[in-house]
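Enquirer: The structure's right below; bear with me while I get my questions together.
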Amino acid sequence: MQSILPRFLRYVAVDTQSQPGVEAVPSTEKQRNLSKILVDELTLLGLKDIVWDEHNYVYATLPANCSSTYTLGFVAHVDTSSAVSGKDVKPQVIANYDGGEVVLGHGYVLSPKDFPELPTHAGKTLITTSGDTLLGADDKAGVVEIVTMLEELIKSNRPHGTIKVAFTPDEEVGRGTAFFDVKGFACDGAYTVDGGALGELEYENFNAAGVKVAVNGKSVHPGSAKGKMVNAILVLMELQSMLPAFENPMYTEGYEGFYHLDNVQGNVDQAHGEYIIRDHDFAKFTQKKAFFQSCVDFLNNKYGAGTVECAITDSYFNMKEHVQKHFHLVENAKLAMEAAGVTPLVVPIRGGTDGATLSYMGLPCPNLFTGGYNFHGRFEYIPLEDMQKAVEVLLNIVDLYAKR
């Protein structure tokens, strides 16, 4: 367990931000720098069948040392979000945190006023950003916890079945499973270690779609525009106004879905918008997509065919129905947490993980906590003790499957 902090600080120092809009996997070559470190560490630990492929997926096997016939997998991603810089990450390590404000630098303050869960970490060792960058706990904490679990298994020689691990690229840009070798990974079940707060256990996620909208306007000099101009910006604004005002991320929680305008640009002649549509319930998800298309159709009837072009593309689906067929993965995760003194918090993911797609690809894959908070930004932090608990939970899960 003593290796967790130095390993985490070493990993987050490597810039692995992925880049949206790039079809190549990995989307950035710098992700390979952390993968090289992982390959070297896995080799030193003595893992077998280590594969580092051309798309920057790293796979490795810890052979069974007992009679268990269940092959168990653990998955985490090496890339970090592009929302805030991930270059030159310089974490602050605050021992015996007092539960109050933490000055990050550059005028940024991590405050209980904004993040009311902070005082619950009093007495722990808090790892925060310097205010310049994100931290990268999403998902380098998960990577650290898996590698540390392997290290502990090997050092202690505790009984375990065949354990397989995979470290993936480009999860943050929705391409983390694009070239995942499920057949080669050959696991009976697996877990992504990519969740947040202590105790989180997730086996439900959003159904998700992305929407690209192009509005073709008619630019005419405003002095003689009456009856002629079609302002593409205003048409896009009109489309937005037709969507339910409170089915918006800032007003939703739990199982509530939403429409989210994620990007917009344009002028009178042409405007472009990018949306995401989310809902846990597949019927409601289908209805949301159909309603969006009906709004587009209405505007085309109003302004003329071809004024608004719309492409709706499914991104991923709720893993629930696939995980429920292997519900022992959820039940054993709960038992493992309780054995570690952690209260399981079964919550729906208001997003997606690689595990959702892997579940649809035939590998049931719930998601486990890493201990991190406020991912994707300069207010990100993680308590060291919660990372230690995550490793303990992983080891307890291995113990349970050693008996199968």
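Ligands are numbered from 1 in the order shown, chains are lettered A, B, ... in the order of the structure tokens, and residues start at 1 in each chain.
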From region 158-361 of chain A, collect each residue whose DSSP state is helix (DSSP H, G or I) and return the set as a PyMOL selection string.
Expert: chain A and resi 171-173+182-185+222-224+232-242+249-251+282-303+320-326+328-339+354-360
Enquirer: Which residues of region 281-332 of chain A sit at most 9 Å from region 223-237 of chain A, using only C-alpha atoms? Give each one's shortest atom pair and distance in Å (one decimal place), in chain and ascending residue order, as JSON lines.
Expert:
{"residue": "A:Leu299", "atom": "CA", "partner": "A:Val235", "partner_atom": "CA", "distance": 7.8}
{"residue": "A:Tyr303", "atom": "CA", "partner": "A:Val230", "partner_atom": "CA", "distance": 7.8}
{"residue": "A:Thr307", "atom": "CA", "partner": "A:Ala232", "partner_atom": "CA", "distance": 8.4}
{"residue": "A:Val308", "atom": "CA", "partner": "A:Val235", "partner_atom": "CA", "distance": 8.3}
Enquirer: To one decimal place, how far is CA of Gly351 (chain A) from CA of Asp88 (chain A) in Å?
Expert: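 Interatomic distance here is 27.7 Å.
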Enquirer: Which residue, A:Asn56, A:Thr43, A:Ser18, A:Ser294, has the smallest gap to Lys87 (chain A) when you use only C-alpha atoms?
Expert: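 Distance minimum relative to Lys87 (chain A) lands on A:Ser18.
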Enquirer: DSSP on the backbone: which residues in region 98-211 of chain A end up as strand (DSSP E)? Give the answer as a list in words.
Expert: Val102, Val103, Leu104, Gly105, Tyr108, Val109, Leu110, Leu126, Ile127, Thr128, Ile163, Lys164, Val165, Ala166, Phe167, Thr168, Gly189, Ala190, Tyr191, Thr192, Val193, Glu200, Leu201, Glu202, Asn207, Ala208, Ala209, Gly210 and Val211 of chain A
Enquirer: For the residues in that selection, give me C-alpha atoms as a PDB file, in the first residue's frame.
Expert:
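And here is the file that came out, result02.pdb:
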ATOM      1  CA  VAL A 102      -7.448  24.604   0.336  1.00  0.00           C
ATOM      2  CA  VAL A 103      -5.689  27.330  -1.641  1.00  0.00           C
ATOM      3  CA  LEU A 104      -4.830  25.921  -5.057  1.00  0.00           C
ATOM      4  CA  GLY A 105      -3.073  28.917  -6.573  1.00  0.00           C
ATOM      5  CA  TYR A 108      -8.550  29.275  -7.037  1.00  0.00           C
ATOM      6  CA  VAL A 109      -9.743  27.873  -3.736  1.00  0.00           C
ATOM      7  CA  LEU A 110     -11.137  24.414  -3.009  1.00  0.00           C
ATOM      8  CA  LEU A 126      -5.709  15.022   0.430  1.00  0.00           C
ATOM      9  CA  ILE A 127      -4.149  15.167  -3.045  1.00  0.00           C
ATOM     10  CA  THR A 128      -5.256  18.238  -4.996  1.00  0.00           C
ATOM     11  CA  ILE A 163      -6.534 -12.219 -13.225  1.00  0.00           C
ATOM     12  CA  LYS A 164      -6.395 -10.197 -16.425  1.00  0.00           C
ATOM     13  CA  VAL A 165      -5.896  -6.452 -16.647  1.00  0.00           C
ATOM     14  CA  ALA A 166      -6.351  -4.003 -19.500  1.00  0.00           C
ATOM     15  CA  PHE A 167      -5.346  -0.353 -19.784  1.00  0.00           C
ATOM     16  CA  THR A 168      -7.096   1.497 -22.578  1.00  0.00           C
ATOM     17  CA  GLY A 189     -16.499 -11.018 -16.033  1.00  0.00           C
ATOM     18  CA  ALA A 190     -14.692  -7.784 -15.297  1.00  0.00           C
ATOM     19  CA  TYR A 191     -14.821  -4.418 -13.564  1.00  0.00           C
ATOM     20  CA  THR A 192     -13.883  -0.983 -14.779  1.00  0.00           C
ATOM     21  CA  VAL A 193     -12.154   0.938 -11.977  1.00  0.00           C
ATOM     22  CA  GLU A 200     -19.667   4.058  -5.565  1.00  0.00           C
ATOM     23  CA  LEU A 201     -20.811   0.953  -7.436  1.00  0.00           C
ATOM     24  CA  GLU A 202     -22.463   1.393 -10.796  1.00  0.00           C
ATOM     25  CA  ASN A 207     -28.317   5.505 -23.173  1.00  0.00           C
ATOM     26  CA  ALA A 208     -26.486   8.116 -25.206  1.00  0.00           C
ATOM     27  CA  ALA A 209     -26.637   9.779 -28.599  1.00  0.00           C
ATOM     28  CA  GLY A 210     -24.744  12.609 -30.235  1.00  0.00           C
ATOM     29  CA  VAL A 211     -26.451  15.110 -32.528  1.00  0.00           C
TER      30      VAL A 211
END
Enquirer: Using only C-alpha atoms, which of the listed residues (A:Lys218, A:Gln19, A:Glu152, A:Gln92) sits closest to Gln270 (chain A)?
Expert: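 Looking at the shortest contact to Gln270 (chain A), the residue is A:Lys218.
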Enquirer: Counting only C-alpha atoms, which of A:Asp269, A:Gln2, A:Gly362, A:Leu134 gets nearest to Lys183 (chain A)?
Expert: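 Among A:Asp269, A:Gln2, A:Gly362, A:Leu134, it is A:Gly362 that comes nearest to Lys183 (chain A).
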Enquirer: I'd like the neighbourhood of region 279-287 of chain A as a JSON list (two decimals) with N, CA and C atoms, in the first residue's frame, where a residue qualifies if any of its atoms comes within 10 Å (using only C-alpha atoms), though same-chain residues fewer than 3 positions away should be ignored.
Expert:
[["chain", "number", "residue", "atom", "x", "y", "z"],
["A", 204, "GLU", "N", -25.60, 0.70, -13.98],
["A", 204, "GLU", "CA", -26.55, 1.32, -14.89],
["A", 204, "GLU", "C", -25.94, 2.61, -15.42],
["A", 205, "ASN", "N", -26.14, 2.90, -16.67],
["A", 205, "ASN", "CA", -25.62, 4.13, -17.25],
["A", 205, "ASN", "C", -26.61, 4.68, -18.26],
["A", 206, "PHE", "N", -26.36, 5.87, -18.72],
["A", 206, "PHE", "CA", -27.22, 6.48, -19.73],
["A", 206, "PHE", "C", -27.20, 5.70, -21.03],
["A", 207, "ASN", "N", -28.32, 5.70, -21.73],
["A", 207, "ASN", "CA", -28.32, 5.51, -23.17],
["A", 207, "ASN", "C", -27.93, 6.86, -23.75],
["A", 208, "ALA", "N", -27.07, 6.85, -24.76],
["A", 208, "ALA", "CA", -26.49, 8.12, -25.21],
["A", 208, "ALA", "C", -26.48, 8.25, -26.72],
["A", 209, "ALA", "N", -26.74, 9.46, -27.18],
["A", 209, "ALA", "CA", -26.64, 9.78, -28.60],
["A", 209, "ALA", "C", -25.99, 11.14, -28.76],
["A", 254, "GLY", "N", -30.01, 11.98, -10.82],
["A", 254, "GLY", "CA", -30.47, 10.59, -10.72],
["A", 254, "GLY", "C", -30.75, 9.97, -12.07],
["A", 255, "TYR", "N", -31.98, 9.51, -12.25],
["A", 255, "TYR", "CA", -32.37, 8.82, -13.48],
["A", 255, "TYR", "C", -32.94, 9.77, -14.53],
["A", 256, "GLU", "N", -32.93, 11.07, -14.27],
["A", 256, "GLU", "CA", -33.52, 12.03, -15.20],
["A", 256, "GLU", "C", -32.60, 12.26, -16.40],
["A", 257, "GLY", "N", -33.16, 12.19, -17.58],
["A", 257, "GLY", "CA", -32.40, 12.41, -18.80],
["A", 257, "GLY", "C", -32.39, 13.87, -19.20],
["A", 258, "PHE", "N", -31.72, 14.17, -20.33],
["A", 258, "PHE", "CA", -31.61, 15.56, -20.74],
["A", 258, "PHE", "C", -31.21, 15.70, -22.21],
["A", 259, "TYR", "N", -31.39, 16.93, -22.71],
["A", 259, "TYR", "CA", -30.81, 17.40, -23.96],
["A", 259, "TYR", "C", -29.73, 18.42, -23.56],
["A", 290, "ALA", "N", -36.72, 11.06, -31.07],
["A", 290, "ALA", "CA", -37.83, 11.31, -32.00],
["A", 290, "ALA", "C", -38.34, 12.74, -31.86],
["A", 291, "PHE", "N", -38.41, 13.24, -30.62],
["A", 291, "PHE", "CA", -38.88, 14.62, -30.41],
["A", 291, "PHE", "C", -37.91, 15.62, -31.03],
["A", 292, "PHE", "N", -36.61, 15.37, -30.86],
["A", 292, "PHE", "CA", -35.61, 16.27, -31.44],
["A", 292, "PHE", "C", -35.80, 16.32, -32.96],
["A", 293, "GLN", "N", -35.98, 15.15, -33.57],
["A", 293, "GLN", "CA", -36.16, 15.11, -35.02],
["A", 293, "GLN", "C", -37.44, 15.83, -35.42],
["A", 317, "PHE", "N", -25.16, 2.37, -24.88],
["A", 317, "PHE", "CA", -26.45, 2.02, -24.30],
["A", 317, "PHE", "C", -26.27, 1.58, -22.85],
["A", 318, "ASN", "N", -27.37, 1.53, -22.13],
["A", 318, "ASN", "CA", -27.37, 1.14, -20.72],
["A", 318, "ASN", "C", -26.92, -0.31, -20.57],
["A", 319, "MET", "N", -25.91, -0.53, -19.75],
["A", 319, "MET", "CA", -25.36, -1.87, -19.57],
["A", 319, "MET", "C", -26.21, -2.76, -18.67],
["A", 320, "LYS", "N", -27.23, -2.20, -18.02],
["A", 320, "LYS", "CA", -27.97, -2.89, -16.96],
["A", 320, "LYS", "C", -28.44, -4.28, -17.36],
["A", 348, "PRO", "N", -26.83, 5.19, -10.33],
["A", 348, "PRO", "CA", -26.73, 5.16, -11.80],
["A", 348, "PRO", "C", -25.66, 6.12, -12.27],
["A", 349, "ILE", "N", -24.93, 5.72, -13.30],
["A", 349, "ILE", "CA", -23.92, 6.59, -13.87],
["A", 349, "ILE", "C", -24.61, 7.63, -14.74],
["A", 350, "ARG", "N", -24.37, 8.90, -14.45],
["A", 350, "ARG", "CA", -24.91, 9.95, -15.31],
["A", 350, "ARG", "C", -23.87, 10.26, -16.38],
["A", 351, "GLY", "N", -23.61, 9.27, -17.16],
["A", 351, "GLY", "CA", -22.61, 9.31, -18.22],
["A", 351, "GLY", "C", -22.41, 7.89, -18.71]]
Enquirer: May I have a table of the residues of region 131-232 of chain A lying at most 12 Å from region 239-246 of chain A, giving each one's closest pair of atoms and their distance in Å to one decimal, counting only C-alpha atoms, ordered by chain and ascending residue number, as a tab-separated table?
Expert:
residue	atom	partner	partner_atom	distance
A:Val213	CA	A:Leu239	CA	9.8
A:Ala214	CA	A:Leu239	CA	11.3
A:Val215	CA	A:Leu239	CA	10.1
A:Ala232	CA	A:Leu239	CA	10.6
Enquirer: Of the candidates A:Ala60, A:Cys187, A:Val25, A:Leu345, which shows the shortest atom-to-atom distance to Leu363 (chain A), using only C-alpha atoms?
Expert: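 Using only C-alpha atoms, Leu363 (chain A) sits closest to A:Cys187.
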Enquirer: So how far away is CA of Lys289 (chain A) from CA of Ile277 (chain A), in Å?
Expert: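 Taking CA of Ile277 (chain A) as the start and CA of Lys289 (chain A) as the end point, the length is 7.3 Å.
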Enquirer: Given only C-alpha atoms as the basis, pick out the residue of A:Glu101, A:Asp139, A:Arg7, A:Gly304 nearest to Ala122 (chain A).
Expert: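 Smallest separation from Ala122 (chain A) among the options: A:Glu101.
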